>>> print(open('start11.cif').read())   # mmCIF, C-alpha atoms
data_my_file
#
loop_
_atom_site.group_PDB
_atom_site.id
_atom_site.type_symbol
_atom_site.label_atom_id
_atom_site.label_comp_id
_atom_site.auth_asym_id
_atom_site.auth_seq_id
_atom_site.Cartn_x
_atom_site.Cartn_y
_atom_site.Cartn_z
ATOM 1 C CA MET A 1 130.663 30.483 -37.351
ATOM 2 C CA PHE A 2 128.425 30.415 -40.390
ATOM 3 C CA ARG A 3 125.935 33.224 -40.892
ATOM 4 C CA THR A 4 122.323 32.110 -40.540
ATOM 5 C CA ARG A 5 120.670 31.911 -43.932
ATOM 6 C CA LEU A 6 117.443 33.725 -44.713
ATOM 7 C CA ARG A 7 114.328 31.599 -44.668
ATOM 8 C CA ILE A 8 113.025 32.407 -48.147
ATOM 9 C CA PRO A 9 110.146 30.292 -49.540
ATOM 10 C CA ARG A 10 111.215 28.442 -52.664
ATOM 11 C CA GLN A 11 108.475 29.962 -54.817
ATOM 12 C CA ALA A 12 109.793 33.438 -54.004
ATOM 13 C CA LEU A 13 113.132 32.689 -55.654
ATOM 14 C CA GLY A 14 111.735 32.527 -59.175
ATOM 15 C CA ALA A 15 111.817 35.181 -61.828
ATOM 16 C CA GLY A 16 110.038 38.417 -61.024
ATOM 17 C CA LEU A 17 107.612 38.140 -63.942
ATOM 18 C CA GLY A 18 106.360 34.799 -62.679
ATOM 19 C CA LEU A 19 105.241 36.458 -59.453
ATOM 20 C CA ARG A 20 103.338 39.327 -61.038
ATOM 21 C CA ALA A 21 99.897 37.929 -60.180
ATOM 22 C CA THR A 22 100.924 37.226 -56.593
ATOM 23 C CA VAL A 23 102.301 40.697 -56.105
ATOM 24 C CA ASN A 24 99.294 42.400 -57.671
ATOM 25 C CA ALA A 25 96.996 40.432 -55.369
ATOM 26 C CA ARG A 26 98.624 41.781 -52.209
ATOM 27 C CA ARG A 27 99.516 45.209 -50.892
ATOM 28 C CA ARG A 28 102.710 46.539 -52.402
ATOM 29 C CA LEU A 29 104.905 47.119 -49.368
ATOM 30 C CA HIS A 30 107.731 48.795 -51.288
ATOM 31 C CA GLN A 31 106.836 52.010 -53.049
ATOM 32 C CA VAL A 32 108.727 54.751 -54.837
ATOM 33 C CA PRO A 33 109.617 57.184 -52.033
ATOM 34 C CA SER A 34 108.756 60.848 -52.240
ATOM 35 C CA LEU A 35 111.509 63.422 -52.647
ATOM 36 C CA PRO A 36 111.790 66.609 -50.578
ATOM 37 C CA HIS A 37 111.592 68.808 -53.689
ATOM 38 C CA ASP A 38 109.289 69.024 -56.701
ATOM 39 C CA TYR A 39 111.144 68.132 -59.886
ATOM 40 C CA ALA A 40 108.163 68.022 -62.249
ATOM 41 C CA GLU A 41 110.052 70.403 -64.543
ATOM 42 C CA GLY A 42 113.328 68.593 -63.996
ATOM 43 C CA VAL A 43 116.278 69.240 -61.683
ATOM 44 C CA PRO A 44 117.497 72.778 -62.470
ATOM 45 C CA ASN A 45 120.793 72.809 -64.386
ATOM 46 C CA LEU A 46 121.172 69.037 -63.988
ATOM 47 C CA MET A 47 118.282 67.061 -65.503
ATOM 48 C CA SER A 48 115.501 67.948 -67.891
ATOM 49 C CA ALA A 49 111.977 66.795 -67.117
ATOM 50 C CA GLY A 50 112.587 63.817 -69.399
ATOM 51 C CA GLY A 51 115.946 63.069 -67.825
ATOM 52 C CA PHE A 52 114.445 63.158 -64.336
ATOM 53 C CA ALA A 53 111.609 60.884 -65.433
ATOM 54 C CA VAL A 54 114.146 58.299 -66.621
ATOM 55 C CA ALA A 55 116.593 58.620 -63.722
ATOM 56 C CA TRP A 56 114.002 58.720 -60.954
ATOM 57 C CA THR A 57 110.363 58.012 -61.835
ATOM 58 C CA ASP A 58 110.803 55.227 -64.371
ATOM 59 C CA TYR A 59 113.932 53.672 -62.898
ATOM 60 C CA MET A 60 112.721 53.642 -59.302
ATOM 61 C CA SER A 61 109.348 52.265 -60.397
ATOM 62 C CA LEU A 62 111.153 49.375 -62.062
ATOM 63 C CA MET A 63 113.346 48.725 -58.998
ATOM 64 C CA VAL A 64 110.312 48.717 -56.698
ATOM 65 C CA GLU A 65 108.323 46.439 -59.006
ATOM 66 C CA LYS A 66 111.157 43.916 -59.151
ATOM 67 C CA LEU A 67 111.767 44.131 -55.409
ATOM 68 C CA ASN A 68 108.091 43.578 -54.604
ATOM 69 C CA ALA A 69 108.042 40.547 -56.888
ATOM 70 C CA LEU A 70 111.109 38.994 -55.276
ATOM 71 C CA THR A 71 110.155 39.650 -51.655
ATOM 72 C CA ALA A 72 106.400 38.952 -51.718
ATOM 73 C CA GLY A 73 105.506 36.413 -49.038
ATOM 74 C CA THR A 74 108.997 36.425 -47.499
ATOM 75 C CA GLU A 75 110.427 37.873 -44.314
ATOM 76 C CA LEU A 76 111.888 40.702 -46.420
ATOM 77 C CA GLU A 77 108.645 42.158 -47.745
ATOM 78 C CA ASP A 78 108.252 44.677 -44.906
ATOM 79 C CA LYS A 79 111.937 45.624 -44.623
ATOM 80 C CA ASP A 80 113.407 48.866 -45.979
ATOM 81 C CA THR A 81 115.816 48.696 -48.904
ATOM 82 C CA LYS A 82 118.957 49.225 -46.823
ATOM 83 C CA THR A 83 118.005 46.405 -44.458
ATOM 84 C CA ILE A 84 117.218 44.091 -47.369
ATOM 85 C CA ALA A 85 120.580 44.831 -48.978
ATOM 86 C CA LEU A 86 122.412 44.059 -45.732
ATOM 87 C CA LEU A 87 120.460 40.844 -45.150
ATOM 88 C CA THR A 88 120.946 39.491 -48.673
ATOM 89 C CA ALA A 89 124.478 40.662 -49.523
ATOM 90 C CA ARG A 90 126.071 37.423 -48.294
ATOM 91 C CA GLU A 91 123.481 35.095 -49.792
ATOM 92 C CA PRO A 92 124.539 34.127 -53.353
ATOM 93 C CA ASN A 93 121.051 32.845 -54.168
ATOM 94 C CA GLN A 94 119.639 36.252 -53.199
ATOM 95 C CA ALA A 95 121.840 38.280 -55.566
ATOM 96 C CA PRO A 96 118.866 39.637 -57.603
ATOM 97 C CA THR A 97 117.104 40.808 -54.444
ATOM 98 C CA PHE A 98 120.289 42.476 -53.216
ATOM 99 C CA ASN A 99 120.816 44.210 -56.541
ATOM 100 C CA TYR A 100 117.323 45.712 -56.734
ATOM 101 C CA ALA A 101 117.236 46.728 -53.059
ATOM 102 C CA SER A 102 120.736 48.218 -53.063
ATOM 103 C CA MET A 103 120.169 50.033 -56.344
ATOM 104 C CA ALA A 104 116.903 51.543 -55.094
ATOM 105 C CA HIS A 105 118.592 52.637 -51.877
ATOM 106 C CA ASN A 106 121.617 54.128 -53.651
ATOM 107 C CA ASN A 107 119.546 56.026 -56.203
ATOM 108 C CA HIS A 108 117.337 57.450 -53.454
ATOM 109 C CA PHE A 109 120.455 58.478 -51.498
ATOM 110 C CA PHE A 110 121.744 60.309 -54.569
ATOM 111 C CA PHE A 111 118.558 62.338 -55.038
ATOM 112 C CA GLN A 112 118.260 63.085 -51.312
ATOM 113 C CA GLY A 113 121.672 64.749 -51.417
ATOM 114 C CA ILE A 114 120.699 67.511 -53.832
ATOM 115 C CA SER A 115 118.252 70.409 -53.911
ATOM 116 C CA PRO A 116 117.153 72.810 -56.678
ATOM 117 C CA THR A 117 119.698 75.429 -55.594
ATOM 118 C CA GLY A 118 121.963 73.489 -53.228
ATOM 119 C CA SER A 119 122.748 74.824 -49.758
ATOM 120 C CA PRO A 120 125.844 76.509 -48.270
ATOM 121 C CA MET A 121 128.440 74.324 -46.595
ATOM 122 C CA PRO A 122 128.370 74.871 -42.818
ATOM 123 C CA ASP A 123 131.700 76.109 -41.483
ATOM 124 C CA VAL A 124 132.053 73.211 -39.053
ATOM 125 C CA LEU A 125 131.789 70.714 -41.907
ATOM 126 C CA ARG A 126 134.119 72.776 -44.097
ATOM 127 C CA LEU A 127 136.858 72.649 -41.476
ATOM 128 C CA GLU A 128 136.615 68.866 -41.168
ATOM 129 C CA LEU A 129 136.568 68.301 -44.934
ATOM 130 C CA GLU A 130 139.555 70.606 -45.413
ATOM 131 C CA ALA A 131 141.455 68.595 -42.818
ATOM 132 C CA SER A 132 140.836 65.397 -44.815
ATOM 133 C CA PHE A 133 141.209 66.723 -48.378
ATOM 134 C CA SER A 134 143.424 69.828 -47.847
ATOM 135 C CA SER A 135 140.806 72.073 -49.495
ATOM 136 C CA ILE A 136 137.200 72.019 -50.694
ATOM 137 C CA GLU A 137 138.439 72.577 -54.238
ATOM 138 C CA THR A 138 140.543 69.431 -53.935
ATOM 139 C CA LEU A 139 137.463 67.508 -52.775
ATOM 140 C CA ARG A 140 135.469 68.863 -55.709
ATOM 141 C CA ARG A 141 138.160 67.869 -58.189
ATOM 142 C CA GLU A 142 138.478 64.412 -56.627
ATOM 143 C CA PHE A 143 134.733 63.885 -56.954
ATOM 144 C CA VAL A 144 134.560 65.066 -60.557
ATOM 145 C CA PHE A 145 137.662 63.300 -61.860
ATOM 146 C CA THR A 146 137.097 60.062 -59.962
ATOM 147 C CA ALA A 147 133.506 59.866 -61.196
ATOM 148 C CA SER A 148 134.655 60.582 -64.737
ATOM 149 C CA ALA A 149 137.344 57.902 -64.520
ATOM 150 C CA MET A 150 135.022 55.174 -63.211
ATOM 151 C CA PHE A 151 134.913 52.575 -65.968
ATOM 152 C CA GLY A 152 131.366 51.373 -65.793
ATOM 153 C CA PRO A 153 128.242 52.472 -63.912
ATOM 154 C CA GLY A 154 128.102 52.880 -60.164
ATOM 155 C CA PHE A 155 128.160 55.468 -57.397
ATOM 156 C CA LEU A 156 130.859 57.621 -55.848
ATOM 157 C CA TRP A 157 130.389 58.207 -52.120
ATOM 158 C CA LEU A 158 131.641 60.670 -49.538
ATOM 159 C CA VAL A 159 131.912 58.618 -46.354
ATOM 160 C CA LYS A 160 132.934 59.321 -42.779
ATOM 161 C CA ALA A 161 135.268 56.673 -41.363
ATOM 162 C CA GLY A 162 135.772 58.261 -37.955
ATOM 163 C CA PRO A 163 135.953 61.626 -36.165
ATOM 164 C CA GLY A 164 137.181 64.117 -38.757
ATOM 165 C CA ASP A 165 138.092 61.263 -41.154
ATOM 166 C CA TYR A 166 136.380 61.670 -44.557
ATOM 167 C CA ARG A 167 137.091 59.649 -47.694
ATOM 168 C CA LEU A 168 135.782 58.969 -51.195
ATOM 169 C CA LEU A 169 134.546 55.453 -51.919
ATOM 170 C CA PRO A 170 133.525 54.219 -55.391
ATOM 171 C CA THR A 171 131.076 51.322 -55.721
ATOM 172 C CA TYR A 172 130.203 49.686 -59.011
ATOM 173 C CA LEU A 173 126.827 48.563 -60.353
ATOM 174 C CA ALA A 174 124.529 48.093 -57.330
ATOM 175 C CA GLY A 175 127.415 47.733 -54.872
ATOM 176 C CA SER A 176 126.794 48.991 -51.360
ATOM 177 C CA PRO A 177 129.007 51.338 -49.306
ATOM 178 C CA TYR A 178 127.923 49.752 -46.018
ATOM 179 C CA PRO A 179 130.569 47.532 -44.380
ATOM 180 C CA GLY A 180 127.913 44.968 -43.478
ATOM 181 C CA ALA A 181 127.351 44.271 -47.171
ATOM 182 C CA HIS A 182 130.988 43.669 -48.109
ATOM 183 C CA TRP A 183 131.144 39.903 -47.645
ATOM 184 C CA ARG A 184 129.856 39.074 -51.092
ATOM 185 C CA ALA A 185 131.495 35.684 -51.741
ATOM 186 C CA GLN A 186 129.821 34.362 -54.896
ATOM 187 C CA SER A 187 130.468 30.704 -55.636
ATOM 188 C CA ALA A 188 131.170 31.430 -59.305
ATOM 189 C CA ASP A 189 133.377 34.444 -58.654
ATOM 190 C CA MET A 190 136.967 33.586 -59.579
ATOM 191 C CA ASN A 191 138.188 36.066 -56.991
ATOM 192 C CA THR A 192 136.850 33.802 -54.255
ATOM 193 C CA LEU A 193 138.276 30.504 -55.532
ATOM 194 C CA GLY A 194 141.082 28.823 -53.630
ATOM 195 C CA ASN A 195 144.139 27.268 -55.238
ATOM 196 C CA ASP A 196 142.420 23.900 -55.236
ATOM 197 C CA GLY A 197 139.480 25.241 -57.240
ATOM 198 C CA THR A 198 137.039 25.149 -54.365
ATOM 199 C CA ALA A 199 135.110 28.200 -53.287
ATOM 200 C CA LYS A 200 136.212 29.970 -50.157
ATOM 201 C CA THR A 201 133.780 30.624 -47.344
ATOM 202 C CA TYR A 202 134.260 33.843 -45.441
ATOM 203 C CA PHE A 203 134.343 33.500 -41.672
ATOM 204 C CA ARG A 204 134.393 36.215 -39.081
ATOM 205 C CA ASN A 205 138.034 36.782 -38.405
ATOM 206 C CA GLN A 206 138.539 36.401 -34.670
ATOM 207 C CA ALA A 207 142.313 35.951 -34.753
ATOM 208 C CA PHE A 208 142.968 39.409 -33.338
ATOM 209 C CA GLY A 209 139.989 39.580 -31.011
ATOM 210 C CA ALA A 210 137.367 42.266 -30.629
ATOM 211 C CA ARG A 211 139.973 45.023 -30.308
ATOM 212 C CA ARG A 212 140.814 44.751 -34.000
ATOM 213 C CA ARG A 213 137.351 44.143 -35.459
ATOM 214 C CA THR A 214 133.898 44.601 -34.026
ATOM 215 C CA GLY A 215 130.347 43.998 -35.103
ATOM 216 C CA ASP A 216 129.626 42.513 -38.515
ATOM 217 C CA LEU A 217 132.581 43.870 -40.481
ATOM 218 C CA PRO A 218 134.293 41.824 -43.204
ATOM 219 C CA PRO A 219 138.005 40.998 -42.831
ATOM 220 C CA GLY A 220 139.911 44.264 -43.056
ATOM 221 C CA GLY A 221 136.710 46.279 -42.969
ATOM 222 C CA ILE A 222 136.217 49.555 -41.132
ATOM 223 C CA GLU A 223 133.183 51.332 -39.775
ATOM 224 C CA LEU A 224 131.963 54.144 -42.014
ATOM 225 C CA GLU A 225 128.883 56.254 -42.617
ATOM 226 C CA PRO A 226 127.818 57.289 -46.147
ATOM 227 C CA LEU A 227 127.059 60.998 -46.329
ATOM 228 C CA LEU A 228 126.677 61.854 -50.012
ATOM 229 C CA CYS A 229 126.787 60.063 -53.341
ATOM 230 C CA LEU A 230 127.049 60.832 -57.033
ATOM 231 C CA ASN A 231 125.233 58.526 -59.437
ATOM 232 C CA THR A 232 127.452 57.627 -62.413
ATOM 233 C CA TRP A 233 124.989 55.286 -64.128
ATOM 234 C CA GLU A 234 124.346 56.296 -67.736
ATOM 235 C CA HIS A 235 120.603 56.678 -67.208
ATOM 236 C CA ALA A 236 121.329 59.551 -64.783
ATOM 237 C CA TRP A 237 123.294 61.714 -67.223
ATOM 238 C CA LEU A 238 123.432 60.412 -70.782
ATOM 239 C CA LEU A 239 120.054 61.754 -71.980
ATOM 240 C CA ASP A 240 120.819 65.354 -70.994
ATOM 241 C CA TRP A 241 124.598 65.514 -71.211
ATOM 242 C CA GLY A 242 125.469 63.101 -73.998
ATOM 243 C CA VAL A 243 128.728 61.228 -74.371
ATOM 244 C CA GLY A 244 130.737 64.430 -74.720
ATOM 245 C CA ALA A 245 134.193 64.983 -76.136
ATOM 246 C CA GLY A 246 136.829 62.481 -75.119
ATOM 247 C CA GLY A 247 134.364 59.763 -74.162
ATOM 248 C CA ASN A 248 133.734 60.936 -70.585
ATOM 249 C CA GLY A 249 132.983 64.588 -71.294
ATOM 250 C CA GLY A 250 129.248 64.240 -70.706
ATOM 251 C CA LYS A 251 129.674 62.475 -67.403
ATOM 252 C CA MET A 252 132.287 64.981 -66.250
ATOM 253 C CA ALA A 253 130.022 67.926 -67.095
ATOM 254 C CA PHE A 254 127.191 66.209 -65.234
ATOM 255 C CA ALA A 255 129.391 65.743 -62.165
ATOM 256 C CA GLU A 256 130.451 69.388 -62.220
ATOM 257 C CA ALA A 257 126.826 70.539 -62.443
ATOM 258 C CA TRP A 258 125.846 68.151 -59.626
ATOM 259 C CA TRP A 259 128.440 69.692 -57.314
ATOM 260 C CA ASN A 260 126.580 73.022 -57.420
ATOM 261 C CA LEU A 261 123.332 71.418 -56.220
ATOM 262 C CA ILE A 262 124.638 69.533 -53.172
ATOM 263 C CA ASP A 263 122.597 70.058 -50.025
ATOM 264 C CA TRP A 264 125.547 70.491 -47.670
ATOM 265 C CA GLU A 265 123.342 71.024 -44.643
ATOM 266 C CA LYS A 266 122.000 67.490 -45.039
ATOM 267 C CA VAL A 267 125.534 66.192 -45.441
ATOM 268 C CA ALA A 268 126.535 67.957 -42.223
ATOM 269 C CA GLN A 269 123.531 66.513 -40.414
ATOM 270 C CA LYS A 270 124.367 62.986 -41.571
ATOM 271 C CA SER A 271 127.971 63.461 -40.454
ATOM 272 C CA GLY A 272 126.829 64.427 -36.959
ATOM 273 C CA VAL A 273 128.474 67.850 -36.943
ATOM 274 C CA LEU A 274 125.055 69.567 -37.028
ATOM 275 C CA ARG A 275 121.782 68.790 -35.292
ATOM 276 C CA PRO A 276 119.121 67.297 -37.625
ATOM 277 C CA ASP A 277 116.880 70.344 -37.014
ATOM 278 C CA PHE A 278 119.591 72.869 -37.946
ATOM 279 C CA LYS A 279 118.635 75.440 -40.583
ATOM 280 C CA SER A 280 120.997 78.183 -41.691
ATOM 281 C CA ALA A 281 119.825 81.738 -42.111
ATOM 282 C CA THR A 282 120.320 81.471 -45.868
ATOM 283 C CA THR A 283 118.097 78.425 -46.225
ATOM 284 C CA PRO A 284 114.612 79.281 -47.610
#
>>> encode(input="start11.cif", output="C-alpha cells")
Amino acid sequence: MFRTRLRIPRQALGAGLGLRATVNARRRLHQVPSLPHDYAEGVPNLMSAGGFAVAWTDYMSLMVEKLNALTAGTELEDKDTKTIALLTAREPNQAPTFNYASMAHNNHFFFQGISPTGSPMPDVLRLELEASFSSIETLRREFVFTASAMFGPGFLWLVKAGPGDYRLLPTYLAGSPYPGAHWRAQSADMNTLGNDGTAKTYFRNQAFGARRRTGDLPPGGIELEPLLCLNTWEHAWLLDWGVGAGGNGGKMAFAEAWWNLIDWEKVAQKSGVLRPDFKSATTP
C-alpha cells in the first residue's frame, strides 16, 4: 500500500528566498526555541560566547527561516519539527523541508541534553547502561571515539531499543534517529536502484505479519527512543576547538568536554526510569 502523499501547494515547493515576502507577511509559526539555561557567556568549558552564537543562535535562526519559507501556507506550517521530519522523510520532493526540520530538531535535542555543570547519573540509569555497555567508562569511550571517527558531519545518539537495551546510533547530515523517518528512498539514490535501472518503491513488509513488525517501521526496523545526542557538525566545535592534532583532535576534545556537561537526569527521564518531576538532592 502506497503512503499517502502530502498535499503541498505547488508555490510552496520553490526556493526559500522566493517566499521571503510571503513569510514576512504572515505570522512566523516556527521560532527558535528557548533553552533551559542562559548561555549568553557561552557554554562553560565547551563553547565560547562566539561559538554558542554560531552553533545555536545563528544556525537555528537560519533553520527556522528556511523552514518557515518552505512550509508557509501548507499543512506543515503549524507542525513541530519532529512531526515535519516524520511526515516528509519519505517524500523525495520534500527533501529540503525534511533537512531543515530534522536539523533544527536534532540541534535542539543536542542542546537540551547538556547543562552548565551537568548532573549526576541516577543509579537506576547507571545500572541499565552498565548492563548494555559493561561500564560507564566503556560508554564514554564509545561516544568519544565513535564521534571522532565519524567521517562527515552528523549526530551520535544514545537510544533505548527496549527494556534495559541501550545502543549508540550515528546519523549523518540531517538524518533522523526515529524509525518512522528511515524509509528515505530517493529516486536518484543509486542505493535504491534495482538491477533493471528502475527505482525501487518501499512497501510495508507484511510477509511476516504484525508479530514481526508493527506500526510504521521500515523493513528491518526496530522501535527505539532517542535519549541523548552529540552534535559532530563542524559549526558546533571547530571555532573553539580547532582541527587539532591528527585531523580529529579538535572534535575528540570537544566530545570529551561535552561528556562532562551531560544532564543525566534528563536522560533518565526520557528513558522512563525516572519520573519527569524527579530532582536529585544534588541538583540546584
>>> residues_around(input="start11.cif", residues="stretch 82-86 of chain A", least_positions_apart="2", cutoff="9 Å", atoms="all atoms listed in the file", output="ChimeraX atom specification")
/A:76-77,79-80,88-90,97-102,104-106,176,178-182
>>> write_last_selection(input="start11.cif", atoms="C-alpha atoms", output="PDB file, in the coordinates of the input")
ATOM      1  CA  LEU A  76     111.888  40.702 -46.420  1.00  0.00           C
ATOM      2  CA  GLU A  77     108.645  42.158 -47.745  1.00  0.00           C
ATOM      3  CA  LYS A  79     111.937  45.624 -44.623  1.00  0.00           C
ATOM      4  CA  ASP A  80     113.407  48.866 -45.979  1.00  0.00           C
ATOM      5  CA  THR A  88     120.946  39.491 -48.673  1.00  0.00           C
ATOM      6  CA  ALA A  89     124.478  40.662 -49.523  1.00  0.00           C
ATOM      7  CA  ARG A  90     126.071  37.423 -48.294  1.00  0.00           C
ATOM      8  CA  THR A  97     117.104  40.808 -54.444  1.00  0.00           C
ATOM      9  CA  PHE A  98     120.289  42.476 -53.216  1.00  0.00           C
ATOM     10  CA  ASN A  99     120.816  44.210 -56.541  1.00  0.00           C
ATOM     11  CA  TYR A 100     117.323  45.712 -56.734  1.00  0.00           C
ATOM     12  CA  ALA A 101     117.236  46.728 -53.059  1.00  0.00           C
ATOM     13  CA  SER A 102     120.736  48.218 -53.063  1.00  0.00           C
ATOM     14  CA  ALA A 104     116.903  51.543 -55.094  1.00  0.00           C
ATOM     15  CA  HIS A 105     118.592  52.637 -51.877  1.00  0.00           C
ATOM     16  CA  ASN A 106     121.617  54.128 -53.651  1.00  0.00           C
ATOM     17  CA  SER A 176     126.794  48.991 -51.360  1.00  0.00           C
ATOM     18  CA  TYR A 178     127.923  49.752 -46.018  1.00  0.00           C
ATOM     19  CA  PRO A 179     130.569  47.532 -44.380  1.00  0.00           C
ATOM     20  CA  GLY A 180     127.913  44.968 -43.478  1.00  0.00           C
ATOM     21  CA  ALA A 181     127.351  44.271 -47.171  1.00  0.00           C
ATOM     22  CA  HIS A 182     130.988  43.669 -48.109  1.00  0.00           C
TER      23      HIS A 182
END
>>> resolve_selection(input="start11.cif", expression="the PyMOL selection byres ((chain A and resi 227-233) around 6)", output="PyMOL selection string")
chain A and resi 110+113+153-159+226+234-236+267+270
>>> resolve_selection(input="start11.cif", expression="the PyMOL selection byres ((chain A and resi 161-171) around 9)", output="ChimeraX atom specification")
/A:127-129,131-133,139,142-143,146-147,150,153-160,172-177,222-226
>>> write_last_selection(input="start11.cif", atoms="C-alpha atoms", output="compact mmCIF listing (two decimals), in the coordinates of the input")
# COMPACT_ATOMS: atom_id res chain seq x y z
CA LEU A 127 136.86 72.65 -41.48
CA GLU A 128 136.62 68.87 -41.17
CA LEU A 129 136.57 68.30 -44.93
CA ALA A 131 141.46 68.60 -42.82
CA SER A 132 140.84 65.40 -44.82
CA PHE A 133 141.21 66.72 -48.38
CA LEU A 139 137.46 67.51 -52.78
CA GLU A 142 138.48 64.41 -56.63
CA PHE A 143 134.73 63.88 -56.95
CA THR A 146 137.10 60.06 -59.96
CA ALA A 147 133.51 59.87 -61.20
CA MET A 150 135.02 55.17 -63.21
CA PRO A 153 128.24 52.47 -63.91
CA GLY A 154 128.10 52.88 -60.16
CA PHE A 155 128.16 55.47 -57.40
CA LEU A 156 130.86 57.62 -55.85
CA TRP A 157 130.39 58.21 -52.12
CA LEU A 158 131.64 60.67 -49.54
CA VAL A 159 131.91 58.62 -46.35
CA LYS A 160 132.93 59.32 -42.78
CA TYR A 172 130.20 49.69 -59.01
CA LEU A 173 126.83 48.56 -60.35
CA ALA A 174 124.53 48.09 -57.33
CA GLY A 175 127.42 47.73 -54.87
CA SER A 176 126.79 48.99 -51.36
CA PRO A 177 129.01 51.34 -49.31
CA ILE A 222 136.22 49.56 -41.13
CA GLU A 223 133.18 51.33 -39.78
CA LEU A 224 131.96 54.14 -42.01
CA GLU A 225 128.88 56.25 -42.62
CA PRO A 226 127.82 57.29 -46.15
>>> residues_around(input="start11.cif", residues="A:Ser115", least_positions_apart="5", cutoff="7 Å", atoms="all atoms listed in the file", output="NGL selection string")
:A and (37 or 261-263)
>>> closest_residue(input="start11.cif", among="A:Pro116, A:Gly250, A:Pro96, A:Pro36", to="A:Ala69", atoms="only C-alpha atoms")
A:Pro96
>>> resolve_selection(input="start11.cif", expression="the PyMOL selection byres ((chain A and resi 34) around 12)", output="MDAnalysis selection string")
chainID A and resid 31:33 35:39 56:57 60:61 108:109 111:112
>>> atom_distance(input="start11.cif", atom1="atom CA of A:Leu238", atom2="atom CA of A:Ala149")
15.5 Å
>>> atom_distance(input="start11.cif", atom1="atom CA of A:Ala40", atom2="atom CA of A:Trp258")
17.9 Å
>>> atom_distance(input="start11.cif", atom1="atom CA of A:Leu70", atom2="atom CA of A:Asn107")
19.0 Å
